[in-house]
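Just entry_23.cif here, mmCIF, C-alpha atoms:
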data_my_file
loop_
_atom_site.label_atom_id
_atom_site.label_comp_id
_atom_site.auth_asym_id
_atom_site.auth_seq_id
_atom_site.Cartn_x
_atom_site.Cartn_y
_atom_site.Cartn_z
CA MET A 31 0.00 0.00 0.00
CA THR A 32 2.90 2.32 0.90
CA SER A 33 4.62 1.66 -2.44
CA HIS A 34 1.44 2.53 -4.34
CA ARG A 35 1.25 5.85 -2.50
CA LEU A 36 4.90 6.52 -3.29
CA PHE A 37 4.52 5.90 -7.01
CA PHE A 38 1.26 7.84 -7.11
CA SER A 39 3.14 10.78 -5.50
CA LEU A 40 5.90 10.47 -8.10
CA ALA A 41 3.26 10.56 -10.85
CA VAL A 42 1.70 13.71 -9.38
CA ARG A 43 5.14 15.31 -9.04
CA ASN A 44 5.99 14.67 -12.69
CA LEU A 45 2.68 16.10 -13.90
CA HIS A 46 3.28 19.15 -11.72
CA ILE A 47 6.78 19.65 -13.14
CA HIS A 48 5.45 19.49 -16.70
CA TRP A 49 2.20 21.29 -15.85
CA LEU A 50 1.66 23.03 -19.19
CA ARG A 51 2.07 19.82 -21.17
CA SER A 52 -0.23 18.03 -18.72
CA ILE A 53 -2.91 20.73 -18.95
CA LEU A 54 -2.89 20.57 -22.76
CA ALA A 55 -3.31 16.79 -22.65
CA ALA A 56 -6.18 17.12 -20.13
CA ILE A 57 -7.85 19.76 -22.34
CA GLY A 58 -7.90 17.20 -25.15
CA ILE A 59 -9.79 14.80 -22.89
CA ILE A 60 -12.17 17.58 -21.80
CA ILE A 61 -12.99 18.44 -25.41
CA GLY A 62 -13.49 14.78 -26.28
CA VAL A 63 -15.81 14.10 -23.33
CA VAL A 64 -17.82 17.26 -24.01
CA ALA A 65 -18.16 16.37 -27.70
CA ILE A 66 -19.26 12.77 -27.21
CA SER A 67 -21.56 13.47 -24.23
CA SER A 68 -23.19 16.60 -25.70
CA MET A 69 -23.79 14.85 -29.01
CA GLY A 70 -25.27 11.90 -27.12
CA ILE A 71 -27.57 14.17 -25.12
CA LEU A 72 -28.70 16.01 -28.24
CA GLY A 73 -29.30 12.80 -30.19
CA ASN A 74 -31.23 11.16 -27.36
CA SER A 75 -33.30 14.31 -26.80
CA LEU A 76 -34.15 14.34 -30.50
CA VAL A 77 -35.33 10.72 -30.29
CA LEU A 78 -37.41 11.52 -27.19
CA SER A 79 -38.93 14.56 -28.89
CA VAL A 80 -39.94 12.60 -31.99
CA SER A 81 -41.18 9.70 -29.89
CA GLU A 82 -43.30 12.02 -27.74
CA SER A 83 -44.84 13.59 -30.84
CA LEU A 84 -45.64 10.31 -32.56
CA THR A 85 -46.22 7.67 -29.87
CA ASP A 86 -49.93 8.49 -29.60
CA VAL A 87 -50.49 7.46 -33.21
CA GLY A 88 -48.57 4.19 -33.15
CA ASP A 89 -51.66 2.01 -32.66
CA SER A 90 -53.39 2.51 -36.00
CA VAL A 91 -53.82 0.75 -39.32
CA VAL A 92 -54.50 3.25 -42.11
CA VAL A 93 -56.28 2.27 -45.32
CA THR A 94 -56.14 4.54 -48.38
CA PRO A 95 -57.20 4.16 -52.04
CA HIS A 96 -54.54 2.26 -53.98
CA VAL A 97 -51.91 4.31 -55.78
CA SER A 98 -49.86 2.61 -58.48
CA PHE A 99 -46.59 3.88 -59.86
CA GLY A 100 -45.98 3.87 -63.56
CA GLY A 101 -45.06 6.10 -66.43
CA PHE A 102 -43.83 9.41 -65.06
CA GLY A 103 -45.16 9.16 -61.52
CA ALA A 104 -47.89 8.05 -59.18
CA GLN A 105 -51.21 7.12 -60.75
CA GLY A 106 -54.15 6.94 -58.35
CA THR A 107 -57.51 5.29 -58.83
CA ASN A 108 -59.18 8.73 -58.90
CA GLU A 109 -61.66 7.23 -56.45
CA GLY A 110 -61.98 7.04 -52.69
CA ILE A 111 -63.00 4.22 -50.41
CA SER A 112 -66.62 3.22 -51.04
CA ASP A 113 -69.25 2.13 -48.52
CA ARG A 114 -68.82 -1.46 -49.79
CA GLN A 115 -65.10 -1.36 -49.11
CA LEU A 116 -65.74 0.25 -45.72
CA GLU A 117 -67.95 -2.68 -44.72
CA GLN A 118 -65.24 -5.12 -45.81
CA ILE A 119 -62.74 -3.23 -43.69
CA ARG A 120 -65.10 -3.42 -40.69
CA ARG A 121 -65.45 -7.20 -41.10
CA ALA A 122 -61.70 -7.69 -41.46
CA SER A 123 -60.95 -5.50 -38.42
CA GLY A 124 -62.95 -7.57 -35.94
CA ASN A 125 -63.94 -5.66 -32.81
CA ASN A 126 -61.48 -2.78 -33.36
CA GLU A 127 -62.72 0.78 -33.92
CA VAL A 128 -63.04 1.72 -37.62
CA VAL A 129 -63.17 5.42 -38.46
CA PRO A 130 -63.81 6.58 -42.05
CA VAL A 131 -62.38 10.04 -42.76
CA TYR A 132 -62.78 12.69 -45.42
CA THR A 133 -59.55 14.63 -45.83
CA GLY A 134 -59.02 17.94 -47.60
CA GLY A 135 -57.85 21.48 -47.28
CA ASP A 136 -59.42 24.84 -47.98
CA ARG A 137 -59.21 28.58 -47.73
CA ILE A 138 -60.63 29.96 -44.49
CA ARG A 139 -61.31 33.44 -43.16
CA ILE A 140 -60.99 34.33 -39.48
CA GLY A 141 -61.93 37.94 -38.97
CA LYS A 142 -59.94 39.82 -41.60
CA ASP A 143 -57.28 37.13 -41.97
CA ILE A 144 -57.35 34.69 -44.89
CA LEU A 145 -55.56 31.42 -44.18
CA ALA A 146 -55.30 27.82 -45.35
CA ALA A 147 -56.16 24.87 -43.13
CA SER A 148 -56.75 21.13 -43.31
CA VAL A 149 -60.42 20.19 -43.21
CA TYR A 150 -61.59 16.76 -42.03
CA GLY A 151 -65.03 15.20 -42.20
CA ILE A 152 -65.67 12.61 -39.46
CA GLU A 153 -68.78 11.14 -37.87
CA PRO A 154 -69.27 13.11 -34.60
CA GLN A 155 -69.25 9.96 -32.46
CA ASP A 156 -65.88 8.91 -33.95
CA ILE A 157 -63.96 12.08 -33.12
CA SER A 158 -63.44 11.06 -29.49
CA THR A 159 -61.89 7.79 -30.72
CA LEU A 160 -59.06 9.70 -32.38
CA LEU A 161 -58.74 12.93 -30.40
CA ASP A 162 -59.07 14.46 -26.95
CA LEU A 163 -61.03 17.57 -26.03
CA GLU A 164 -59.40 20.62 -24.45
CA THR A 165 -62.32 23.04 -24.12
CA GLY A 166 -65.93 23.17 -25.27
CA GLN A 167 -67.65 20.00 -26.43
CA PHE A 168 -67.45 17.34 -29.13
CA LEU A 169 -69.60 17.62 -32.24
CA ARG A 170 -73.17 16.45 -31.76
CA GLY A 171 -74.63 16.96 -35.20
CA ALA A 172 -74.11 18.49 -38.61
CA SER A 173 -73.70 22.05 -37.32
CA GLY A 174 -70.55 23.48 -35.82
CA VAL A 175 -66.90 22.48 -36.11
CA MET A 176 -64.01 21.64 -33.84
CA VAL A 177 -60.54 23.14 -34.32
CA GLY A 178 -57.00 22.01 -33.52
CA SER A 179 -55.04 23.59 -30.68
CA LYS A 180 -52.45 25.34 -32.87
CA LEU A 181 -55.07 26.85 -35.19
CA ALA A 182 -56.99 28.08 -32.16
CA LYS A 183 -53.95 29.48 -30.40
CA ASP A 184 -52.47 31.22 -33.44
CA ASN A 185 -55.77 32.89 -34.34
CA ASN A 186 -57.27 33.53 -30.90
CA LEU A 187 -60.17 31.17 -31.53
CA ALA A 188 -62.46 30.21 -28.68
CA VAL A 189 -65.71 28.32 -28.30
CA GLY A 190 -68.30 30.38 -30.18
CA SER A 191 -65.84 31.92 -32.66
CA ARG A 192 -66.98 32.10 -36.29
CA ILE A 193 -64.95 30.75 -39.22
CA LEU A 194 -65.72 31.23 -42.93
CA ILE A 195 -64.73 28.23 -45.06
CA GLY A 196 -64.08 28.12 -48.82
CA ARG A 197 -64.49 30.79 -51.45
CA GLU A 198 -68.21 30.74 -50.73
CA GLU A 199 -67.26 31.67 -47.15
CA SER A 200 -69.74 29.36 -45.53
CA GLY A 201 -69.93 30.33 -41.88
CA VAL A 202 -69.50 27.79 -39.07
CA ARG A 203 -69.22 28.13 -35.30
CA VAL A 204 -66.50 26.57 -33.16
CA VAL A 205 -68.04 24.23 -30.59
CA GLY A 206 -64.84 22.71 -29.23
CA ILE A 207 -61.05 22.99 -29.25
CA LEU A 208 -58.96 19.82 -29.38
CA LYS A 209 -55.91 18.99 -27.30
CA GLU A 210 -52.53 19.21 -29.02
CA ARG A 211 -51.50 15.84 -30.42
CA GLY A 212 -48.57 16.57 -32.70
CA MET A 213 -47.74 15.23 -36.13
CA GLY A 214 -49.51 12.06 -37.21
CA PHE A 215 -49.39 9.47 -39.98
CA ASP A 216 -53.18 9.20 -40.04
CA ILE A 217 -54.36 12.77 -39.43
CA SER A 218 -52.59 15.92 -38.28
CA PRO A 219 -55.19 17.73 -36.17
CA ASP A 220 -53.33 20.64 -34.58
CA ASN A 221 -53.81 23.04 -37.50
CA ALA A 222 -57.08 21.64 -38.78
CA ILE A 223 -60.87 22.00 -38.75
CA PHE A 224 -63.10 19.02 -37.99
CA ALA A 225 -66.63 18.96 -39.37
CA SER A 226 -69.25 16.24 -39.46
CA GLN A 227 -69.41 13.81 -42.38
CA GLN A 228 -72.82 15.14 -43.31
CA TRP A 229 -71.56 18.73 -43.53
CA TYR A 230 -68.45 17.69 -45.47
CA GLU A 231 -70.40 15.58 -48.00
CA THR A 232 -72.88 18.39 -48.63
CA PHE A 233 -70.30 21.18 -48.79
CA TYR A 234 -67.78 19.37 -51.02
CA ASN A 235 -70.22 17.07 -52.86
CA VAL A 236 -68.31 13.85 -52.16
CA SER A 237 -69.41 10.37 -51.16
CA GLU A 238 -66.24 8.26 -50.97
CA TYR A 239 -63.75 8.43 -48.12
CA ASP A 240 -60.14 9.51 -48.43
CA GLN A 241 -58.94 7.10 -45.76
CA VAL A 242 -60.11 4.71 -43.08
CA ILE A 243 -58.35 4.54 -39.71
CA VAL A 244 -58.52 1.36 -37.65
CA LYS A 245 -57.60 1.87 -33.97
CA VAL A 246 -56.19 -1.46 -32.84
CA LYS A 247 -56.82 -2.22 -29.16
CA ASN A 248 -54.02 -4.78 -28.81
CA LEU A 249 -50.74 -3.63 -30.36
CA ASN A 250 -49.69 -7.26 -30.83
CA GLU A 251 -52.56 -7.69 -33.30
CA ILE A 252 -51.62 -4.80 -35.61
CA GLU A 253 -49.89 -7.01 -38.17
CA GLN A 254 -52.77 -9.49 -38.08
CA VAL A 255 -55.38 -6.76 -38.67
CA LYS A 256 -53.30 -5.28 -41.47
CA ASP A 257 -52.95 -8.65 -43.22
CA SER A 258 -56.65 -9.39 -42.77
CA ILE A 259 -57.69 -6.11 -44.45
CA ASP A 260 -55.21 -6.65 -47.26
CA ALA A 261 -56.48 -10.19 -47.89
CA GLN A 262 -60.12 -9.06 -47.81
CA LEU A 263 -59.87 -6.13 -50.23
CA ASN A 264 -56.91 -6.96 -52.46
CA ARG A 265 -57.76 -10.54 -53.42
CA ARG A 266 -58.26 -9.98 -57.14
CA GLU A 267 -56.57 -6.66 -57.67
CA ASP A 268 -55.10 -3.95 -55.49
CA GLU A 269 -57.98 -1.74 -54.37
CA VAL A 270 -56.42 -0.18 -51.29
CA ASP A 271 -53.03 0.45 -49.69
CA VAL A 272 -52.71 -0.69 -46.09
CA TYR A 273 -49.99 0.38 -43.67
CA ASP A 274 -49.60 0.44 -39.92
CA THR A 275 -48.34 3.47 -38.07
CA LYS A 276 -46.46 1.36 -35.51
CA ALA A 277 -44.04 0.10 -38.17
CA ILE A 278 -43.51 3.62 -39.50
CA LEU A 279 -42.97 4.91 -35.97
CA GLU A 280 -40.40 2.19 -35.23
CA THR A 281 -38.58 2.92 -38.49
CA ILE A 282 -38.39 6.65 -37.75
CA LEU A 283 -37.19 6.12 -34.17
CA ASP A 284 -34.61 3.59 -35.38
CA THR A 285 -33.36 6.09 -37.95
CA PHE A 286 -33.04 8.85 -35.39
CA GLY A 287 -31.27 6.41 -33.07
CA LYS A 288 -28.69 5.69 -35.77
CA ILE A 289 -28.23 9.41 -36.35
CA SER A 290 -27.62 9.82 -32.61
CA THR A 291 -25.02 7.04 -32.65
CA PHE A 292 -23.33 8.58 -35.68
CA THR A 293 -23.07 12.00 -34.02
CA MET A 294 -21.58 10.39 -30.91
CA ALA A 295 -19.04 8.60 -33.10
CA ILE A 296 -18.04 11.96 -34.58
CA GLY A 297 -17.54 13.26 -31.03
CA GLY A 298 -15.48 10.16 -30.27
CA ILE A 299 -12.94 11.19 -32.92
CA SER A 300 -11.85 14.04 -30.67
CA LEU A 301 -11.25 11.50 -27.88
CA VAL A 302 -8.98 9.54 -30.19
CA VAL A 303 -7.03 12.73 -30.86
CA ALA A 304 -6.83 13.31 -27.10
CA GLY A 305 -5.58 9.76 -26.64
CA VAL A 306 -2.79 10.38 -29.13
CA SER A 307 -1.88 13.51 -27.19
CA ILE A 308 -1.66 11.60 -23.91
CA PHE A 309 0.37 8.87 -25.62
CA ASN A 310 2.78 11.52 -26.81
CA VAL A 311 3.01 13.07 -23.31
CA MET A 312 3.70 9.68 -21.73
CA MET A 313 6.36 8.74 -24.29
CA MET A 314 8.11 12.07 -23.76
CA SER A 315 7.94 11.49 -20.01
CA VAL A 316 9.60 8.07 -20.41
CA MET A 317 12.39 9.47 -22.60
CA GLU A 318 13.06 12.35 -20.21
CA ARG A 319 13.23 10.07 -17.18
CA TYR A 320 15.51 7.27 -18.39
CA ARG A 321 18.03 7.88 -15.60
CA GLU A 322 15.30 8.11 -12.95
CA ILE A 323 13.84 4.82 -14.16
CA GLY A 324 17.34 3.27 -14.16
CA ILE A 325 17.90 4.34 -10.54
CA LEU A 326 14.54 2.98 -9.47
CA ARG A 327 15.20 -0.33 -11.19
CA SER A 328 18.76 -0.60 -9.78
CA ILE A 329 17.53 -0.30 -6.18
CA GLY A 330 15.13 -3.17 -6.65
CA THR A 331 11.95 -1.48 -7.86
CA LYS A 332 9.79 -4.02 -9.63
CA ARG A 333 8.68 -3.60 -13.24
CA ALA A 334 5.02 -3.57 -12.16
CA GLU A 335 5.75 -0.66 -9.83
CA VAL A 336 7.44 1.34 -12.61
CA ARG A 337 4.47 0.63 -14.87
CA SER A 338 2.05 1.77 -12.18
CA MET A 339 3.78 5.16 -11.93
CA PHE A 340 3.15 5.95 -15.60
CA ILE A 341 -0.34 4.47 -15.59
CA TYR A 342 -1.13 6.72 -12.61
CA GLU A 343 -0.05 9.71 -14.68
CA SER A 344 -2.37 8.85 -17.56
CA LEU A 345 -5.16 7.97 -15.09
CA ILE A 346 -4.84 11.35 -13.34
CA LEU A 347 -5.02 13.12 -16.70
CA GLY A 348 -8.03 11.04 -17.74
CA VAL A 349 -9.99 11.38 -14.50
CA SER A 350 -9.38 15.12 -14.10
CA GLY A 351 -10.17 15.82 -17.76
CA SER A 352 -13.27 13.60 -17.67
CA LEU A 353 -14.64 15.20 -14.49
CA ILE A 354 -14.31 18.70 -15.92
CA GLY A 355 -15.63 17.44 -19.27
CA GLY A 356 -18.64 15.86 -17.54
CA ILE A 357 -19.60 19.15 -15.89
CA MET A 358 -19.14 21.04 -19.15
CA SER A 359 -21.13 18.34 -21.00
CA PHE A 360 -24.19 19.11 -18.88
CA ILE A 361 -23.89 22.80 -19.79
CA GLY A 362 -23.17 22.01 -23.45
CA GLY A 363 -26.05 19.54 -23.69
CA TYR A 364 -28.43 22.06 -22.13
CA ALA A 365 -27.37 24.72 -24.62
CA ALA A 366 -27.58 22.33 -27.59
CA ILE A 367 -31.13 21.11 -26.94
CA ALA A 368 -32.32 24.59 -25.97
CA LEU A 369 -31.04 25.86 -29.31
CA MET A 370 -32.15 22.92 -31.47
CA LEU A 371 -35.40 21.84 -29.79
CA GLN A 372 -36.40 24.88 -27.72
CA GLU A 373 -37.20 22.38 -24.97
CA THR A 374 -34.80 21.55 -22.13
CA SER A 375 -36.87 19.01 -20.17
CA TYR A 376 -35.39 16.14 -22.21
CA LEU A 377 -31.99 16.83 -20.61
CA PHE A 378 -33.25 15.56 -17.25
CA GLU A 379 -34.38 12.19 -18.59
CA ILE A 380 -32.24 9.24 -17.40
CA SER A 381 -31.48 8.22 -21.00
CA SER A 382 -30.03 11.70 -21.63
CA LEU A 383 -28.14 12.14 -18.35
CA ILE A 384 -26.54 8.70 -18.72
CA GLN A 385 -24.65 10.05 -21.75
CA ILE A 386 -22.45 12.10 -19.39
CA PRO A 387 -20.99 9.15 -17.39
CA TYR A 388 -20.69 7.24 -20.67
CA GLY A 389 -18.57 10.05 -22.10
CA MET A 390 -16.50 10.24 -18.90
CA LEU A 391 -15.85 6.50 -18.94
CA PHE A 392 -14.72 6.72 -22.57
CA GLY A 393 -12.40 9.56 -21.60
CA ILE A 394 -10.83 7.62 -18.70
CA ALA A 395 -10.54 4.43 -20.76
CA THR A 396 -8.88 6.34 -23.62
CA SER A 397 -6.36 7.85 -21.19
CA ILE A 398 -5.45 4.51 -19.62
CA LEU A 399 -5.10 2.79 -23.00
CA SER A 400 -2.88 5.63 -24.23
CA GLY A 401 -0.60 5.19 -21.22
CA LEU A 402 -0.23 1.39 -21.41
CA TYR A 403 2.50 1.21 -24.04
CA PRO A 404 4.64 4.01 -22.56
CA ALA A 405 4.28 2.34 -19.14
CA TRP A 406 5.37 -1.01 -20.57
CA LYS A 407 8.23 0.69 -22.42
CA ALA A 408 9.44 2.29 -19.18
CA SER A 409 9.24 -0.93 -17.16
CA ASP A 410 11.08 -2.88 -19.87
CA LEU A 411 14.19 -0.68 -19.73
CA ARG A 412 17.33 -2.40 -18.50
CA PRO A 413 18.78 -0.61 -15.45
CA ILE A 414 22.37 -0.43 -16.78
CA GLU A 415 21.28 1.03 -20.16
CA ALA A 416 18.96 3.49 -18.46
CA LEU A 417 21.75 4.73 -16.13
CA ARG A 418 24.09 5.21 -19.07
CA HIS A 419 21.50 7.25 -20.99
CA GLU A 420 22.27 10.94 -21.38
#
Conversion result in structure tokens:
Amino acid sequence: MTSHRLFFSLAVRNLHIHWLRSILAAIGIIIGVVAISSMGILGNSLVLSVSESLTDVGDSVVVTPHVSFGGFGAQGTNEGISDRQLEQIRRASGNNEVVPVYTGGDRIRIGKDILAASVYGIEPQDISTLLDLETGQFLRGASGVMVGSKLAKDNNLAVGSRILIGREESGVRVVGILKERGMGFDISPDNAIFASQQWYETFYNVSEYDQVIVKVKNLNEIEQVKDSIDAQLNRREDEVDVYDTKAILETILDTFGKISTFTMAIGGISLVVAGVSIFNVMMMSVMERYREIGILRSIGTKRAEVRSMFIYESLILGVSGSLIGGIMSFIGGYAAIALMLQETSYLFEISSLIQIPYGMLFGIATSILSGLYPAWKASDLRPIEALRHE
């Protein structure tokens, strides 16, 4: 135990003598830890942000009219989903909720402002299946509309506000405002108007649906429901396209996860550079201390003890640089997600905070690995040759 303290003291003494060189090597570790941890925090926060926006819509199967690709681009059927096809979808979906939806967009007037907004036509009793209410009430008949949270907030809409839709400027009253849900693969409600099917069919003179959304109660049955609908409607020819939002969600999250890993790998390059710097510092330390090493070896110091002295030096550099880098990583991660996402709450998630100790461990490991060869080189010196060295 006493010998370990002695060689640790010798390591500290040498770093103190060559303090500028030691500080520069530690700065390399600091930069590396900050880069890898901050990138990890940013990448994980991005995944959490996307996941939070899309998780609520990962339990749906969406059916749309078939679109084929040929010639110079996509060629649709020019038709929607008929009542016959809707009944087939209901049979294939079992006891899961089936919601037919009209989807469009139109010019709207709110006061003096002329805007564009998505317009959906849904049976009033089906709206609560897809969306949650913030204020007011759900639709109860053909009159009135509901609006998304962003449309309401941006235009100071409240229950009772009047909106003029289309060039005919047909007036409707807002009966309810929906809770914010974020981007969706089925519908995107936050900047939209929701009217009843009856109103939509009359106003736009349509009778076939743009899509049908199946809300699957058991996520393990999504693939089964999807295959059942496909088999029911596409037996002879492709009538509809069927996809599940869970698979799309998983693909997107996996992609963002890979981006996060890639950005961390870029940050790791700076740690490699720092490792080279520490390797260089250790090799210079060995060359400068040949005579000291020779004296230590000649008085009976073991090779393992000489190795420990140089490993202590690299460990001190790694630990000190990683501790400072960890503190700066928290600050850097906070700044990065505040700038990129305008939301700092993701920083305090365990999966984000864990990136800091990960980065610190990489920094310490890089330092130790960089000091192994110089330590072995020092311990392998023959005492007589080391004493003769000038």
Contacts of Met69 in chain A at 9 Å (all atoms listed in the file; same-chain gap of 2+ positions) as a count of residues only: 18
Answer key for the PyMOL selection byres ((chain A and resi 370-374) around 12), residues as a VMD selection string: chain A and resid 69 71 to 80 360 to 369 375 to 379 382
Protein and nucleic acid residues near (-62.7, 27.1, -44.7) (cut-off 8 Å, all atoms listed in the file) as a list in words: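 Every residue inside that radius is included here: Gly135, Asp136, Arg137, Ile138, Arg139, Ala146, Ala147, Val149, Ile193, Leu194, Ile195, Gly196, Arg197, Glu199 and Ser200 of chain A.
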For CA of Gly401 in chain A and CA of Glu343 in chain A, the interatomic separation in Å (one decimal):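 These two atoms are separated by 8.0 Å.
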CA of Ile325 in chain A to CA of Leu36 in chain A, straight-line distance in Å: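 These atoms are spaced 15.0 Å apart.
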Residue contacts of range 311-317 of chain A (7 Å, all atoms listed in the file) excluding same-chain residues fewer than 4 positions away, as an MDAnalysis selection string: chainID A and resid 307 401 404 408
Serialized selection, C-alpha atoms, as a PDB file, in the frame of the given file:
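Heads up, here's the output in result-v4.pdb:
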ATOM      1  CA  SER A 307      -1.880  13.510 -27.190  1.00  0.00           C
ATOM      2  CA  GLY A 401      -0.600   5.190 -21.220  1.00  0.00           C
ATOM      3  CA  PRO A 404       4.640   4.010 -22.560  1.00  0.00           C
ATOM      4  CA  ALA A 408       9.440   2.290 -19.180  1.00  0.00           C
TER       5      ALA A 408
END
Answer key for the PyMOL selection byres ((chain A and resi 274) around 12), residues as a PyMOL selection string: chain A and resi 87-94+214-216+242-246+249-257+259-260+271-273+275-281
Put those residues in a file: C-alpha atoms, as an mmCIF file, keeping the file's coordinate frame.
data_model
loop_
_atom_site.group_PDB
_atom_site.id
_atom_site.type_symbol
_atom_site.label_atom_id
_atom_site.label_comp_id
_atom_site.auth_asym_id
_atom_site.auth_seq_id
_atom_site.Cartn_x
_atom_site.Cartn_y
_atom_site.Cartn_z
ATOM 1 C CA VAL A 87 -50.490 7.460 -33.210
ATOM 2 C CA GLY A 88 -48.570 4.190 -33.150
ATOM 3 C CA ASP A 89 -51.660 2.010 -32.660
ATOM 4 C CA SER A 90 -53.390 2.510 -36.000
ATOM 5 C CA VAL A 91 -53.820 0.750 -39.320
ATOM 6 C CA VAL A 92 -54.500 3.250 -42.110
ATOM 7 C CA VAL A 93 -56.280 2.270 -45.320
ATOM 8 C CA THR A 94 -56.140 4.540 -48.380
ATOM 9 C CA GLY A 214 -49.510 12.060 -37.210
ATOM 10 C CA PHE A 215 -49.390 9.470 -39.980
ATOM 11 C CA ASP A 216 -53.180 9.200 -40.040
ATOM 12 C CA VAL A 242 -60.110 4.710 -43.080
ATOM 13 C CA ILE A 243 -58.350 4.540 -39.710
ATOM 14 C CA VAL A 244 -58.520 1.360 -37.650
ATOM 15 C CA LYS A 245 -57.600 1.870 -33.970
ATOM 16 C CA VAL A 246 -56.190 -1.460 -32.840
ATOM 17 C CA LEU A 249 -50.740 -3.630 -30.360
ATOM 18 C CA ASN A 250 -49.690 -7.260 -30.830
ATOM 19 C CA GLU A 251 -52.560 -7.690 -33.300
ATOM 20 C CA ILE A 252 -51.620 -4.800 -35.610
ATOM 21 C CA GLU A 253 -49.890 -7.010 -38.170
ATOM 22 C CA GLN A 254 -52.770 -9.490 -38.080
ATOM 23 C CA VAL A 255 -55.380 -6.760 -38.670
ATOM 24 C CA LYS A 256 -53.300 -5.280 -41.470
ATOM 25 C CA ASP A 257 -52.950 -8.650 -43.220
ATOM 26 C CA ILE A 259 -57.690 -6.110 -44.450
ATOM 27 C CA ASP A 260 -55.210 -6.650 -47.260
ATOM 28 C CA ASP A 271 -53.030 0.450 -49.690
ATOM 29 C CA VAL A 272 -52.710 -0.690 -46.090
ATOM 30 C CA TYR A 273 -49.990 0.380 -43.670
ATOM 31 C CA THR A 275 -48.340 3.470 -38.070
ATOM 32 C CA LYS A 276 -46.460 1.360 -35.510
ATOM 33 C CA ALA A 277 -44.040 0.100 -38.170
ATOM 34 C CA ILE A 278 -43.510 3.620 -39.500
ATOM 35 C CA LEU A 279 -42.970 4.910 -35.970
ATOM 36 C CA GLU A 280 -40.400 2.190 -35.230
ATOM 37 C CA THR A 281 -38.580 2.920 -38.490
#
Reference answer for the PyMOL selection byres ((chain A and resi 208-210) around 10), as an MDAnalysis selection string: chainID A and resid 83 157:158 161:168 176:182 206:207 211:213 218:224
Interatomic distance, CA of Arg333 in chain A to CA of Leu301 in chain A (Å, one decimal):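 For CA of Arg333 in chain A relative to CA of Leu301 in chain A, the distance reads 29.0 Å.
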For the contact check between range 287-310 of chain A and range 391-394 of chain A, emit one row per residue of range 287-310 of chain A within 9 Å, containing the shortest atom pair and the distance in Å rounded to one decimal, counting only C-alpha atoms, chain then rising number order, as a Markdown table.
| residue | atom | partner | partner_atom | distance |
| --- | --- | --- | --- | --- |
| A:Gly298 | CA | A:Phe392 | CA | 8.5 |
| A:Leu301 | CA | A:Gly393 | CA | 6.7 |
| A:Ala304 | CA | A:Gly393 | CA | 8.7 |
| A:Gly305 | CA | A:Gly393 | CA | 8.5 |
Given all atoms listed in the file as the counted atoms, nearest of A:Leu345, A:Leu40, A:Val302, A:Ile354 to Leu326 in chain A: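 Of the candidates, the smallest distance to Leu326 in chain A is held by A:Leu40.
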Protein/DNA/RNA residues near (1.3, 18.0, -17.3), cut 10 Å, all atoms listed in the file, as a list of chain:residue names: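 The requested residues, written out, are A:Val42, A:Arg43, A:Asn44, A:Leu45, A:His46, A:Ile47, A:His48, A:Trp49, A:Leu50, A:Arg51, A:Ser52, A:Ile53, A:Leu54, A:Ala55, A:Ala56, A:Ile308, A:Val311, A:Met312, A:Ser315, A:Glu343, A:Ser344, A:Ile346, A:Leu347.
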Distance criterion (all atoms listed in the file): nearest to Asp156 in chain A out of A:Gln227, A:Val303, A:Arg114, A:Arg120: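 The answer is A:Gln227, which sits nearest to Asp156 in chain A.
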Nearest-residue call for Ile217 in chain A, choices A:Glu117, A:Asp410, A:Glu267, A:Asp240, using all atoms listed in the file: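 Nearest to Ile217 in chain A: A:Asp240.
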